[in-house]
$ cat structure_13.cif   # mmCIF, C-alpha atoms and all ligand atoms
data_upload
#
loop_
_atom_site.group_PDB
_atom_site.id
_atom_site.type_symbol
_atom_site.label_atom_id
_atom_site.label_comp_id
_atom_site.auth_asym_id
_atom_site.auth_seq_id
_atom_site.Cartn_x
_atom_site.Cartn_y
_atom_site.Cartn_z
ATOM 1 C CA MET T 23 2.175 -22.255 -9.159
ATOM 2 C CA ASP T 24 3.553 -24.378 -11.975
ATOM 3 C CA TYR T 25 1.351 -27.173 -13.329
ATOM 4 C CA THR T 26 3.022 -27.376 -16.732
ATOM 5 C CA ASN T 27 3.976 -31.056 -16.450
ATOM 6 C CA GLN T 28 0.544 -32.109 -15.224
ATOM 7 C CA ILE T 29 -1.216 -30.213 -18.026
ATOM 8 C CA ARG T 30 1.056 -31.735 -20.696
ATOM 9 C CA GLU T 31 0.514 -35.249 -19.289
ATOM 10 C CA ILE T 32 -3.263 -34.831 -19.255
ATOM 11 C CA ALA T 33 -3.362 -33.358 -22.781
ATOM 12 C CA THR T 34 -1.177 -36.191 -24.096
ATOM 13 C CA ARG T 35 -3.459 -38.759 -22.475
ATOM 14 C CA LEU T 36 -6.602 -37.133 -23.896
ATOM 15 C CA PHE T 37 -5.184 -37.157 -27.442
ATOM 16 C CA THR T 38 -3.869 -40.709 -27.068
ATOM 17 C CA GLU T 39 -7.248 -41.949 -25.857
ATOM 18 C CA ASP T 40 -8.946 -40.027 -28.704
ATOM 19 C CA LYS T 41 -11.105 -38.059 -26.253
ATOM 20 C CA ILE T 42 -10.488 -34.600 -27.726
ATOM 21 C CA ASP T 43 -10.037 -32.870 -31.092
ATOM 22 C CA VAL T 44 -8.486 -29.705 -29.714
ATOM 23 C CA PHE T 45 -6.863 -28.680 -26.437
ATOM 24 C CA VAL T 46 -7.158 -25.086 -25.263
ATOM 25 C CA GLY T 47 -4.339 -24.088 -22.919
ATOM 26 C CA TYR T 48 -1.468 -21.610 -22.656
ATOM 27 C CA ARG T 49 1.913 -21.312 -24.371
ATOM 28 C CA MET T 50 4.752 -18.807 -24.130
ATOM 29 C CA THR T 51 4.554 -15.840 -26.508
ATOM 30 C CA GLY T 52 7.959 -16.751 -27.946
ATOM 31 C CA PHE T 53 9.333 -13.231 -27.525
ATOM 32 C CA ASP T 54 8.989 -12.447 -23.808
ATOM 33 C CA ASP T 55 8.084 -14.275 -20.595
ATOM 34 C CA ASN T 56 4.337 -13.762 -20.991
ATOM 35 C CA GLN T 57 1.825 -16.310 -22.228
ATOM 36 C CA VAL T 58 -0.914 -16.437 -24.816
ATOM 37 C CA PRO T 59 -3.771 -18.870 -25.341
ATOM 38 C CA ALA T 60 -2.849 -21.954 -27.389
ATOM 39 C CA LEU T 61 -5.186 -24.127 -29.452
ATOM 40 C CA ILE T 62 -3.405 -27.464 -29.842
ATOM 41 C CA ARG T 63 -4.739 -29.898 -32.446
ATOM 42 C CA ASP T 64 -1.621 -31.973 -33.034
ATOM 43 C CA PRO T 65 -0.465 -34.168 -30.110
ATOM 44 C CA LYS T 66 3.125 -33.429 -31.173
ATOM 45 C CA GLU T 67 2.543 -29.813 -30.095
ATOM 46 C CA VAL T 68 1.527 -30.671 -26.526
ATOM 47 C CA SER T 69 5.067 -29.807 -25.378
ATOM 48 C CA GLN T 70 4.221 -26.148 -26.104
ATOM 49 C CA LEU T 71 1.717 -26.094 -23.237
ATOM 50 C CA VAL T 72 2.551 -24.326 -19.988
ATOM 51 C CA PHE T 73 0.664 -23.394 -16.849
ATOM 52 C CA THR T 74 2.100 -20.989 -14.282
ATOM 53 C CA ASP T 75 1.092 -17.810 -12.480
ATOM 54 C CA LYS T 76 1.438 -16.077 -15.865
ATOM 55 C CA SER T 77 -1.506 -18.070 -17.291
ATOM 56 C CA VAL T 78 -3.733 -15.068 -16.952
ATOM 57 C CA PHE T 79 -6.366 -15.343 -19.683
ATOM 58 C CA ASN T 80 -9.815 -16.836 -19.312
ATOM 59 C CA LEU T 81 -9.800 -19.562 -21.958
ATOM 60 C CA THR T 82 -13.547 -20.146 -21.894
ATOM 61 C CA ASN T 83 -13.699 -17.198 -24.304
ATOM 62 C CA TYR T 84 -12.409 -19.654 -26.921
ATOM 63 C CA LEU T 85 -15.515 -21.806 -26.585
ATOM 64 C CA LYS T 86 -17.365 -19.259 -28.712
ATOM 65 C CA ASN T 87 -14.642 -19.562 -31.347
ATOM 66 C CA GLU T 88 -15.410 -21.470 -34.558
ATOM 67 C CA HIS T 89 -12.254 -23.584 -34.023
ATOM 68 C CA THR T 90 -13.837 -25.175 -30.975
ATOM 69 C CA ARG T 91 -17.553 -25.181 -31.852
ATOM 70 C CA ASN T 92 -18.938 -28.722 -32.189
ATOM 71 C CA LYS T 93 -15.502 -30.148 -31.406
ATOM 72 C CA ARG T 94 -14.438 -32.258 -28.450
ATOM 73 C CA VAL T 95 -12.438 -29.785 -26.421
ATOM 74 C CA GLY T 96 -9.927 -30.166 -23.596
ATOM 75 C CA LEU T 97 -9.807 -26.974 -21.580
ATOM 76 C CA VAL T 98 -7.931 -25.527 -18.597
ATOM 77 C CA VAL T 99 -9.959 -23.411 -16.153
ATOM 78 C CA LYS T 100 -8.989 -21.551 -13.016
ATOM 79 C CA GLY T 101 -11.678 -20.705 -10.456
ATOM 80 C CA CYS T 102 -12.893 -17.525 -12.167
ATOM 81 C CA ASP T 103 -12.774 -19.139 -15.613
ATOM 82 C CA SER T 104 -14.800 -22.105 -14.398
ATOM 83 C CA ARG T 105 -17.529 -19.732 -13.212
ATOM 84 C CA SER T 106 -17.888 -18.386 -16.739
ATOM 85 C CA LEU T 107 -17.962 -21.970 -17.990
ATOM 86 C CA ASN T 108 -20.807 -22.674 -15.572
ATOM 87 C CA LEU T 109 -22.694 -19.682 -16.977
ATOM 88 C CA LEU T 110 -22.031 -20.714 -20.584
ATOM 89 C CA LEU T 111 -23.390 -24.176 -19.742
ATOM 90 C CA THR T 112 -26.416 -22.700 -17.990
ATOM 91 C CA GLU T 113 -27.055 -20.316 -20.897
ATOM 92 C CA SER T 114 -26.846 -23.291 -23.331
ATOM 93 C CA GLN T 115 -23.816 -21.922 -25.183
ATOM 94 C CA VAL T 116 -21.686 -25.045 -24.791
ATOM 95 C CA LYS T 117 -22.357 -28.739 -24.343
ATOM 96 C CA ARG T 118 -20.808 -30.353 -21.279
ATOM 97 C CA ASP T 119 -20.372 -33.751 -22.972
ATOM 98 C CA LYS T 120 -18.126 -32.117 -25.598
ATOM 99 C CA LEU T 121 -15.738 -30.828 -22.947
ATOM 100 C CA TYR T 122 -12.985 -32.332 -20.865
ATOM 101 C CA VAL T 123 -12.280 -29.760 -18.184
ATOM 102 C CA ILE T 124 -9.041 -29.547 -16.222
ATOM 103 C CA GLY T 125 -9.854 -27.513 -13.146
ATOM 104 C CA ILE T 126 -7.100 -25.595 -11.416
ATOM 105 C CA ALA T 127 -6.985 -24.999 -7.688
ATOM 106 C CA CYS T 128 -5.648 -21.538 -8.342
ATOM 107 C CA GLU T 129 -3.058 -19.698 -6.260
ATOM 108 C CA GLY T 130 -3.437 -16.468 -8.213
ATOM 109 C CA VAL T 131 -1.857 -14.974 -11.304
ATOM 110 C CA ILE T 132 0.517 -12.047 -11.682
ATOM 111 C CA ASP T 133 0.601 -8.988 -13.910
ATOM 112 C CA GLU T 134 3.455 -7.963 -16.208
ATOM 113 C CA ALA T 135 5.186 -6.184 -13.318
ATOM 114 C CA GLY T 136 5.161 -9.419 -11.314
ATOM 115 C CA ASN T 137 2.484 -8.317 -8.831
ATOM 116 C CA LYS T 138 -0.421 -10.533 -7.858
ATOM 117 C CA MET T 139 -3.466 -9.263 -9.711
ATOM 118 C CA GLN T 140 -6.065 -7.337 -7.757
ATOM 119 C CA ASN T 141 -8.869 -9.811 -8.565
ATOM 120 C CA CYS T 142 -6.686 -12.613 -7.180
ATOM 121 C CA MET T 143 -6.099 -10.714 -3.932
ATOM 122 C CA GLU T 144 -9.862 -10.644 -3.379
ATOM 123 C CA CYS T 145 -10.778 -13.939 -5.079
ATOM 124 C CA VAL T 146 -13.779 -15.687 -3.513
ATOM 125 C CA VAL T 147 -13.648 -18.870 -5.595
ATOM 126 C CA PRO T 148 -10.038 -19.843 -6.383
ATOM 127 C CA ASP T 149 -10.789 -23.527 -7.020
ATOM 128 C CA ALA T 150 -12.478 -24.526 -10.259
ATOM 129 C CA VAL T 151 -16.162 -25.226 -9.661
ATOM 130 C CA VAL T 152 -16.673 -27.372 -12.763
ATOM 131 C CA TYR T 153 -14.048 -29.911 -13.867
ATOM 132 C CA ASP T 154 -13.346 -33.497 -14.876
ATOM 133 C CA GLU T 155 -10.092 -33.561 -13.022
ATOM 134 C CA MET T 156 -8.547 -31.115 -10.604
ATOM 135 C CA VAL T 157 -4.910 -30.028 -10.496
ATOM 136 C CA GLY T 158 -3.463 -28.449 -7.353
ATOM 137 C CA THR T 159 -4.637 -28.348 -3.762
ATOM 138 C CA PRO T 160 -8.093 -26.794 -3.294
ATOM 139 C CA LYS T 161 -8.330 -24.164 -0.561
ATOM 140 C CA GLY T 162 -12.085 -23.642 -0.573
ATOM 141 C CA LYS T 163 -14.349 -20.643 -0.855
ATOM 142 C CA GLN T 164 -13.024 -17.389 0.594
ATOM 143 C CA GLY T 165 -14.930 -14.475 2.137
ATOM 144 C CA TYR T 166 -16.335 -11.763 -0.130
ATOM 145 C CA GLN T 167 -14.328 -8.539 -0.057
ATOM 146 C CA VAL T 168 -15.020 -5.126 -1.477
ATOM 147 C CA ASN T 169 -11.832 -3.442 -2.663
ATOM 148 C CA ALA T 170 -10.767 0.017 -1.548
ATOM 149 C CA ASP T 171 -11.253 1.440 -5.057
ATOM 150 C CA ILE T 172 -14.940 0.502 -4.956
ATOM 151 C CA HIS T 173 -15.307 2.023 -1.481
ATOM 152 C CA GLU T 174 -13.725 5.186 -2.854
ATOM 153 C CA LEU T 175 -16.158 5.207 -5.764
ATOM 154 C CA ALA T 176 -19.061 4.687 -3.378
ATOM 155 C CA SER T 177 -17.961 7.693 -1.351
ATOM 156 C CA LYS T 178 -18.524 9.964 -4.371
ATOM 157 C CA GLU T 179 -21.843 11.653 -5.102
ATOM 158 C CA LEU T 180 -23.758 10.365 -8.137
ATOM 159 C CA VAL T 181 -22.828 13.385 -10.287
ATOM 160 C CA GLU T 182 -19.221 13.057 -9.236
ATOM 161 C CA ARG T 183 -19.207 9.381 -10.183
ATOM 162 C CA ARG T 184 -20.712 10.142 -13.562
ATOM 163 C CA ALA T 185 -18.113 12.873 -14.190
ATOM 164 C CA TYR T 186 -15.361 10.466 -13.164
ATOM 165 C CA PHE T 187 -16.465 7.780 -15.625
ATOM 166 C CA GLU T 188 -17.072 10.323 -18.388
ATOM 167 C CA GLU T 189 -13.532 11.548 -17.944
ATOM 168 C CA ILE T 190 -11.784 8.173 -17.964
ATOM 169 C CA PHE T 191 -13.952 6.836 -20.821
ATOM 170 C CA GLU T 192 -12.793 9.715 -23.008
ATOM 171 C CA ASN T 193 -9.799 7.482 -23.693
ATOM 172 C CA CYS T 194 -11.973 4.678 -25.067
ATOM 173 C CA ILE T 195 -11.356 4.194 -28.793
ATOM 174 C CA ARG T 196 -14.459 2.000 -29.306
ATOM 175 C CA CYS T 197 -12.340 -0.919 -30.471
ATOM 176 C CA ASN T 198 -14.677 -3.405 -28.701
ATOM 177 C CA ALA T 199 -11.738 -5.544 -27.588
ATOM 178 C CA CYS T 200 -13.341 -5.608 -24.127
ATOM 179 C CA ARG T 201 -16.541 -7.239 -25.216
ATOM 180 C CA HIS T 202 -14.798 -9.551 -27.710
ATOM 181 C CA SER T 203 -12.536 -10.809 -24.933
ATOM 182 C CA CYS T 204 -15.400 -11.401 -22.505
ATOM 183 C CA PRO T 205 -16.600 -15.012 -22.450
ATOM 184 C CA MET T 206 -20.066 -13.833 -21.434
ATOM 185 C CA CYS T 207 -20.389 -11.606 -24.528
ATOM 186 C CA TYR T 208 -21.296 -14.057 -27.260
ATOM 187 C CA CYS T 209 -24.176 -12.298 -29.069
ATOM 188 C CA ALA T 210 -23.816 -12.639 -32.851
ATOM 189 C CA LYS T 211 -24.986 -9.082 -33.282
ATOM 190 C CA CYS T 212 -24.004 -6.927 -30.353
ATOM 191 C CA CYS T 213 -25.980 -3.789 -29.612
ATOM 192 C CA ILE T 214 -22.838 -1.801 -28.836
ATOM 193 C CA ASP T 215 -20.901 -2.835 -31.921
ATOM 194 C CA GLN T 216 -19.823 0.178 -33.961
ATOM 195 C CA GLU T 217 -20.374 -1.434 -37.339
ATOM 196 C CA THR T 218 -23.890 -2.682 -36.815
ATOM 197 C CA SER T 219 -25.369 -0.667 -34.013
ATOM 198 C CA THR T 220 -28.358 1.474 -34.773
ATOM 199 C CA LEU T 221 -28.246 2.483 -31.113
ATOM 200 C CA TYR T 222 -24.877 4.198 -31.455
ATOM 201 C CA ASN T 223 -24.853 4.720 -35.197
ATOM 202 C CA GLY T 224 -21.136 4.066 -35.505
ATOM 203 C CA ALA T 225 -20.302 7.318 -33.793
ATOM 204 C CA ASN T 226 -17.037 7.401 -31.872
ATOM 205 C CA THR T 227 -17.735 10.278 -29.571
ATOM 206 C CA LYS T 228 -17.194 10.879 -25.878
ATOM 207 C CA SER T 229 -20.884 10.304 -25.277
ATOM 208 C CA SER T 230 -21.060 7.126 -27.402
ATOM 209 C CA ALA T 231 -18.140 5.551 -25.537
ATOM 210 C CA PHE T 232 -19.715 6.362 -22.182
ATOM 211 C CA HIS T 233 -23.083 4.910 -23.197
ATOM 212 C CA ALA T 234 -21.564 1.858 -24.838
ATOM 213 C CA LEU T 235 -19.501 0.954 -21.773
ATOM 214 C CA MET T 236 -22.366 1.597 -19.377
ATOM 215 C CA THR T 237 -24.695 -0.553 -21.529
ATOM 216 C CA TRP T 238 -22.044 -3.253 -21.756
ATOM 217 C CA SER T 239 -21.518 -3.298 -17.997
ATOM 218 C CA LEU T 240 -25.256 -3.696 -17.420
ATOM 219 C CA HIS T 241 -25.310 -6.697 -19.782
ATOM 220 C CA LEU T 242 -22.664 -8.216 -17.534
ATOM 221 C CA ALA T 243 -24.399 -7.334 -14.271
ATOM 222 C CA GLY T 244 -24.768 -10.560 -12.313
ATOM 223 C CA ARG T 245 -22.837 -12.421 -15.053
ATOM 224 C CA CYS T 246 -19.328 -11.010 -14.699
ATOM 225 C CA VAL T 247 -16.937 -13.469 -13.049
ATOM 226 C CA ASP T 248 -14.116 -10.948 -12.444
ATOM 227 C CA CYS T 249 -11.605 -12.711 -14.679
ATOM 228 C CA ARG T 250 -10.452 -9.328 -16.080
ATOM 229 C CA ASN T 251 -10.002 -10.629 -19.617
ATOM 230 C CA CYS T 252 -11.644 -7.389 -20.771
ATOM 231 C CA GLU T 253 -9.263 -5.171 -18.845
ATOM 232 C CA LYS T 254 -6.216 -7.075 -20.073
ATOM 233 C CA ALA T 255 -7.404 -6.603 -23.656
ATOM 234 C CA CYS T 256 -8.107 -2.871 -23.403
ATOM 235 C CA PRO T 257 -5.488 -0.925 -25.380
ATOM 236 C CA SER T 258 -6.367 2.223 -23.435
ATOM 237 C CA HIS T 259 -5.787 0.456 -20.084
ATOM 238 C CA LEU T 260 -9.159 1.588 -18.756
ATOM 239 C CA PRO T 261 -10.116 0.371 -15.254
ATOM 240 C CA LEU T 262 -13.141 -1.552 -16.530
ATOM 241 C CA HIS T 263 -13.321 -3.615 -13.359
ATOM 242 C CA LEU T 264 -14.714 -0.567 -11.566
ATOM 243 C CA LEU T 265 -17.937 -0.912 -13.559
ATOM 244 C CA HIS T 266 -18.227 -4.644 -13.065
ATOM 245 C CA LYS T 267 -17.162 -4.720 -9.430
ATOM 246 C CA TRP T 268 -19.589 -1.920 -8.654
ATOM 247 C CA ASN T 269 -22.448 -3.972 -10.129
ATOM 248 C CA GLU T 270 -21.165 -7.117 -8.430
ATOM 249 C CA ARG T 271 -21.247 -5.421 -5.026
ATOM 250 C CA VAL T 272 -24.773 -4.020 -5.521
ATOM 251 C CA ILE T 273 -26.007 -7.441 -6.639
ATOM 252 C CA PHE T 274 -24.190 -9.309 -3.850
ATOM 253 C CA GLU T 275 -25.778 -7.027 -1.255
ATOM 254 C CA ASN T 276 -29.282 -7.023 -2.737
ATOM 255 C CA PHE T 277 -29.719 -10.447 -4.364
ATOM 256 C CA GLN T 278 -28.992 -12.955 -1.627
ATOM 257 C CA GLU T 279 -25.210 -12.755 -1.935
ATOM 258 C CA HIS T 280 -25.300 -13.730 -5.587
ATOM 259 C CA LEU T 281 -21.939 -14.246 -7.297
ATOM 260 C CA ALA T 282 -21.977 -15.176 -10.962
ATOM 261 C CA GLY T 283 -21.418 -18.775 -12.001
ATOM 262 C CA VAL T 284 -20.551 -20.229 -8.622
ATOM 263 C CA GLN T 285 -23.470 -22.653 -8.613
ATOM 264 C CA GLU T 286 -24.081 -24.998 -11.512
ATOM 265 C CA GLY T 287 -27.415 -24.202 -13.177
ATOM 266 C CA ASP T 288 -27.715 -20.862 -11.393
ATOM 267 C CA ARG T 289 -29.399 -18.596 -13.927
ATOM 268 C CA GLY T 290 -28.332 -15.310 -12.453
ATOM 269 C CA ALA T 291 -29.191 -12.627 -9.989
ATOM 270 C CA PHE T 292 -32.429 -11.464 -11.557
ATOM 271 C CA TYR T 293 -33.944 -14.953 -11.281
ATOM 272 C CA LYS T 294 -33.387 -14.807 -7.521
ATOM 273 C CA TYR T 295 -36.251 -12.425 -6.878
ATOM 274 C CA SER T 296 -37.730 -12.765 -3.439
ATOM 275 C CA MET T 297 -40.371 -10.736 -1.596
ATOM 276 C CA GLN T 298 -37.806 -10.333 1.179
ATOM 277 C CA ASP T 299 -35.281 -8.584 -1.091
ATOM 278 C CA PRO T 300 -34.445 -5.036 -0.023
ATOM 279 C CA ASN T 301 -35.812 -2.539 -2.511
ATOM 280 C CA ASP T 302 -34.184 0.658 -1.390
ATOM 281 C CA PHE T 303 -32.011 0.700 -4.515
ATOM 282 C CA ILE T 304 -35.061 0.571 -6.803
ATOM 283 C CA MET T 305 -36.189 3.953 -8.024
HETATM 284 S S1 LIG S 1 -9.372 -14.483 -9.697
HETATM 285 FE FE1 LIG S 1 -9.099 -16.299 -8.433
HETATM 286 S S2 LIG S 1 -9.339 -18.056 -9.775
HETATM 287 FE FE2 LIG S 1 -9.057 -16.253 -11.073
HETATM 288 S S3 LIG S 1 -6.870 -16.208 -11.493
HETATM 289 FE FE3 LIG S 1 -7.170 -14.953 -9.658
HETATM 290 S S4 LIG S 1 -6.954 -16.339 -7.879
HETATM 291 FE FE4 LIG S 1 -7.154 -17.563 -9.751
HETATM 292 S S1 LIG S 2 -16.729 -8.378 -18.053
HETATM 293 FE FE1 LIG S 2 -14.506 -8.659 -18.000
HETATM 294 S S2 LIG S 2 -14.082 -9.435 -15.961
HETATM 295 FE FE2 LIG S 2 -16.265 -9.734 -16.339
HETATM 296 S S3 LIG S 2 -16.487 -11.791 -17.175
HETATM 297 FE FE3 LIG S 2 -16.288 -10.387 -18.903
HETATM 298 S S4 LIG S 2 -14.109 -10.380 -19.362
HETATM 299 FE FE4 LIG S 2 -14.318 -11.234 -17.324
HETATM 300 S S1 LIG S 3 -22.550 -6.291 -24.786
HETATM 301 FE FE1 LIG S 3 -24.554 -7.197 -24.575
HETATM 302 S S2 LIG S 3 -25.281 -7.446 -26.676
HETATM 303 FE FE2 LIG S 3 -23.064 -7.151 -26.790
HETATM 304 S S3 LIG S 3 -22.217 -9.235 -26.823
HETATM 305 FE FE3 LIG S 3 -22.238 -8.503 -24.684
HETATM 306 S S4 LIG S 3 -24.166 -9.302 -23.831
HETATM 307 FE FE4 LIG S 3 -24.325 -9.379 -26.087
HETATM 308 S S1 LIG S 4 -11.229 -2.311 -25.043
HETATM 309 FE FE1 LIG S 4 -10.930 -0.327 -24.034
HETATM 310 S S2 LIG S 4 -10.691 1.124 -25.689
HETATM 311 FE FE2 LIG S 4 -11.573 -0.726 -26.601
HETATM 312 S S3 LIG S 4 -13.812 -0.396 -26.530
HETATM 313 FE FE3 LIG S 4 -13.244 -1.473 -24.668
HETATM 314 S S4 LIG S 4 -12.918 0.130 -23.142
HETATM 315 FE FE4 LIG S 4 -12.845 1.116 -25.159
#
$ encode --input "structure_13.cif" --output "structure tokens" --more "lines below"
Ligand code: SF4
Ligand code: SF4
Ligand code: SF4
Ligand code: SF4
Amino acid sequence: MDYTNQIREIATRLFTEDKIDVFVGYRMTGFDDNQVPALIRDPKEVSQLVFTDKSVFNLTNYLKNEHTRNKRVGLVVKGCDSRSLNLLLTESQVKRDKLYVIGIACEGVIDEAGNKMQNCMECVVPDAVVYDEMVGTPKGKQGYQVNADIHELASKELVERRAYFEEIFENCIRCNACRHSCPMCYCAKCCIDQETSTLYNGANTKSSAFHALMTWSLHLAGRCVDCRNCEKACPSHLPLHLLHKWNERVIFENFQEHLAGVQEGDRGAFYKYSMQDPNDFIM
């Protein structure tokens, strides 16, 4: 997957036609073969843009950035990223008429070892669901899969699961990079933030990390699009997807096969209440 030329051509056209103030895409780091997000304001810098299977980050996170607020923004979105864009639109965080969206029909991205990422192996919506123009060949919606690691988690007893998460979250340093890198975490004052939280009182203890991450995952329940921006940002390399994919599976099975952000205007799982919903998971 290499759409570098197409992305550069589109960005050049958008600047030339004075349709955007800033273009949010990817560029090389400059010191290895990985990529970082790029905010391009000068058309002369369009040649920095790239798009390949190393374009891993979800750029919609930059729509909550002051450099893009109230600007006309050109933006590249893969399938998962476009689902978070749909949610940001639905939750009135961004204005559609300020955006020019280049949707990617995504073939999957790879990790630093060159392996296809796990979320891409089980991706349900590879093609962008909101866009002004599409790049690549769409392959359509795929079947929902539950990964082996979630099945393994489900096979544990509740106390065992709790002990498992308590143990791995001991390595959390409460840096909050996970929630800062999540496009769906845009609250000005976050309840799990160490500096401001009365709930956690700034404490960086084993228990505070566990409660913060559990609270965070519940705020993403039915809203997580499985882009794994959070996991890529975590300096402790914690398997945060286990929390989100667990919630995703429970919600998919109990809320009419809900998947976050797939439908435009879809306000989320908890608005899909129906008298026919199973209630065996409710205490
Ligand atoms: S999860 Fe899907 S849309 Fe997102 S990068 Fe992977 S294959 Fe592409
Ligand atoms: S919780 Fe993580 S995987 Fe889910 S939307 Fe946020 S950044 Fe993406
Ligand atoms: S964790 Fe909750 S309160 Fe904090 S930014 Fe995310 S959604 Fe908002
Ligand atoms: S990014 Fe990792 S270490 Fe930092 S708060 Fe989140 S889970 Fe903890």
$ closest_residue --input "structure_13.cif" --among "T:Asp133, T:Glu113, T:Asp288, T:Glu182" --to "ligand LIG 3 (chain S)" --atoms "all atoms listed in the file"
T:Glu113
$ atom_distance --input "structure_13.cif" --atom1 "atom FE2 of ligand LIG 2 (chain S)" --atom2 "atom CA of T:Cys249"
5.8 Å
$ closest_atom_pairs --input "structure_13.cif" --of "chain T" --to "ligand LIG 4 (chain S)" --cutoff "8 Å" --atoms "all atoms listed in the file" --output "tab-separated table"
residue	atom	partner	partner_atom	distance
T:Phe191	CA	S:LIG4	S4	7.2
T:Asn193	CA	S:LIG4	S2	6.7
T:Cys194	CA	S:LIG4	FE4	3.7
T:Ile195	CA	S:LIG4	S2	4.4
T:Arg196	CA	S:LIG4	S3	3.7
T:Cys197	CA	S:LIG4	FE2	3.9
T:Asn198	CA	S:LIG4	S3	3.8
T:Ala199	CA	S:LIG4	S1	4.1
T:Cys200	CA	S:LIG4	S1	4.0
T:Arg201	CA	S:LIG4	FE3	6.7
T:Ala231	CA	S:LIG4	FE4	6.9
T:Leu235	CA	S:LIG4	S4	6.8
T:Cys252	CA	S:LIG4	S1	6.6
T:Glu253	CA	S:LIG4	S1	7.1
T:Ala255	CA	S:LIG4	S1	5.9
T:Cys256	CA	S:LIG4	S1	3.6
T:Pro257	CA	S:LIG4	S2	5.6
T:Ser258	CA	S:LIG4	S2	5.0
T:His259	CA	S:LIG4	FE1	6.5
T:Leu260	CA	S:LIG4	FE1	5.9
T:Leu262	CA	S:LIG4	S4	6.8
$ resolve_selection --input "structure_13.cif" --expression "the PyMOL selection byres (((not hetatm)) within 6 of (chain S and resi 3))" --output "list of chain:residue names"
T:Arg201, T:Cys207, T:Tyr208, T:Cys209, T:Cys212, T:Cys213, T:Ile214, T:Trp238, T:His241
$ closest_residue --input "structure_13.cif" --among "T:Ala127, T:Met156, T:Cys145, T:Leu109" --to "T:Leu242" --atoms "only C-alpha atoms"
T:Leu109
$ closest_residue --input "structure_13.cif" --among "T:Asp43, T:Glu144, T:Glu286, T:Asp119" --to "ligand LIG 1 (chain S)" --atoms "only C-alpha atoms and all ligand atoms"
T:Glu144
$ closest_atom_pairs --input "structure_13.cif" --of "chain T" --to "ligand LIG 1 (chain S)" --cutoff "10 Å" --atoms "all atoms listed in the file" --output "Markdown table"
| residue | atom | partner | partner_atom | distance |
| --- | --- | --- | --- | --- |
| T:Asp75 | CA | S:LIG1 | S3 | 8.2 |
| T:Lys76 | CA | S:LIG1 | S3 | 9.4 |
| T:Ser77 | CA | S:LIG1 | S3 | 8.1 |
| T:Val78 | CA | S:LIG1 | S3 | 6.4 |
| T:Phe79 | CA | S:LIG1 | S3 | 8.3 |
| T:Asn80 | CA | S:LIG1 | FE2 | 8.3 |
| T:Val99 | CA | S:LIG1 | S2 | 8.4 |
| T:Lys100 | CA | S:LIG1 | S2 | 4.8 |
| T:Gly101 | CA | S:LIG1 | S2 | 3.6 |
| T:Cys102 | CA | S:LIG1 | FE2 | 4.2 |
| T:Asp103 | CA | S:LIG1 | FE2 | 6.5 |
| T:Ser104 | CA | S:LIG1 | S2 | 8.2 |
| T:Arg105 | CA | S:LIG1 | S2 | 9.0 |
| T:Ile126 | CA | S:LIG1 | S2 | 8.0 |
| T:Ala127 | CA | S:LIG1 | S2 | 7.6 |
| T:Cys128 | CA | S:LIG1 | FE4 | 4.5 |
| T:Glu129 | CA | S:LIG1 | S4 | 5.4 |
| T:Gly130 | CA | S:LIG1 | S4 | 3.5 |
| T:Val131 | CA | S:LIG1 | S3 | 5.2 |
| T:Ile132 | CA | S:LIG1 | FE3 | 8.5 |
| T:Lys138 | CA | S:LIG1 | FE3 | 8.3 |
| T:Met139 | CA | S:LIG1 | FE3 | 6.8 |
| T:Gln140 | CA | S:LIG1 | FE3 | 7.9 |
| T:Asn141 | CA | S:LIG1 | S1 | 4.8 |
| T:Cys142 | CA | S:LIG1 | FE3 | 3.4 |
| T:Met143 | CA | S:LIG1 | S4 | 6.9 |
| T:Glu144 | CA | S:LIG1 | S1 | 7.4 |
| T:Cys145 | CA | S:LIG1 | FE1 | 4.4 |
| T:Val146 | CA | S:LIG1 | FE1 | 6.8 |
| T:Val147 | CA | S:LIG1 | FE1 | 5.9 |
| T:Pro148 | CA | S:LIG1 | S2 | 3.9 |
| T:Asp149 | CA | S:LIG1 | S2 | 6.3 |
| T:Ala150 | CA | S:LIG1 | S2 | 7.2 |
| T:Val151 | CA | S:LIG1 | S2 | 9.9 |
| T:Gln164 | CA | S:LIG1 | FE1 | 9.9 |
| T:Val247 | CA | S:LIG1 | S1 | 8.3 |
| T:Asp248 | CA | S:LIG1 | S1 | 6.5 |
| T:Cys249 | CA | S:LIG1 | FE2 | 5.7 |
| T:Arg250 | CA | S:LIG1 | S1 | 8.3 |
$ atom_distance --input "structure_13.cif" --atom1 "atom CA of T:Val272" --atom2 "atom CA of T:Ala234"
20.4 Å
$ closest_residue --input "structure_13.cif" --among "T:Lys163, T:Pro261, T:Met206, T:Asn251" --to "T:Phe187" --atoms "only C-alpha atoms"
T:Pro261
$ resolve_selection --input "structure_13.cif" --expression "the PyMOL selection byres (((chain T and resi 47) around 8) and not hetatm)" --output "JSON, numbers by chain"
{"T": [45, 46, 48, 49, 59, 60, 61, 62, 71, 72, 73, 81, 97, 98]}
$ atom_distance --input "structure_13.cif" --atom1 "atom CA of T:Leu36" --atom2 "atom CA of T:Arg91"
18.1 Å
$ residues_around --input "structure_13.cif" --residues "T:Pro205" --least-positions-apart "4" --cutoff "7 Å" --atoms "all atoms listed in the file" --output "VMD selection string"
chain T and resid 82 to 83 106
$ residues_around --input "structure_13.cif" --residues "T:Asp64" --least-positions-apart "3" --cutoff "9 Å" --atoms "only C-alpha atoms" --output "list in words"
Phe37, Asp43, Val44, Glu67 and Val68 of chain T
$ resolve_selection --input "structure_13.cif" --expression "the PyMOL selection byres (((chain T and resi 273) around 12) and not hetatm)" --output "PyMOL selection string"
chain T and resi 240+242-246+266-272+274-282+290-295+299-301+303
$ closest_residue --input "structure_13.cif" --among "T:Arg289, T:Glu179, T:Ser229, T:His263" --to "ligand LIG 2 (chain S)" --atoms "all atoms listed in the file"
T:His263
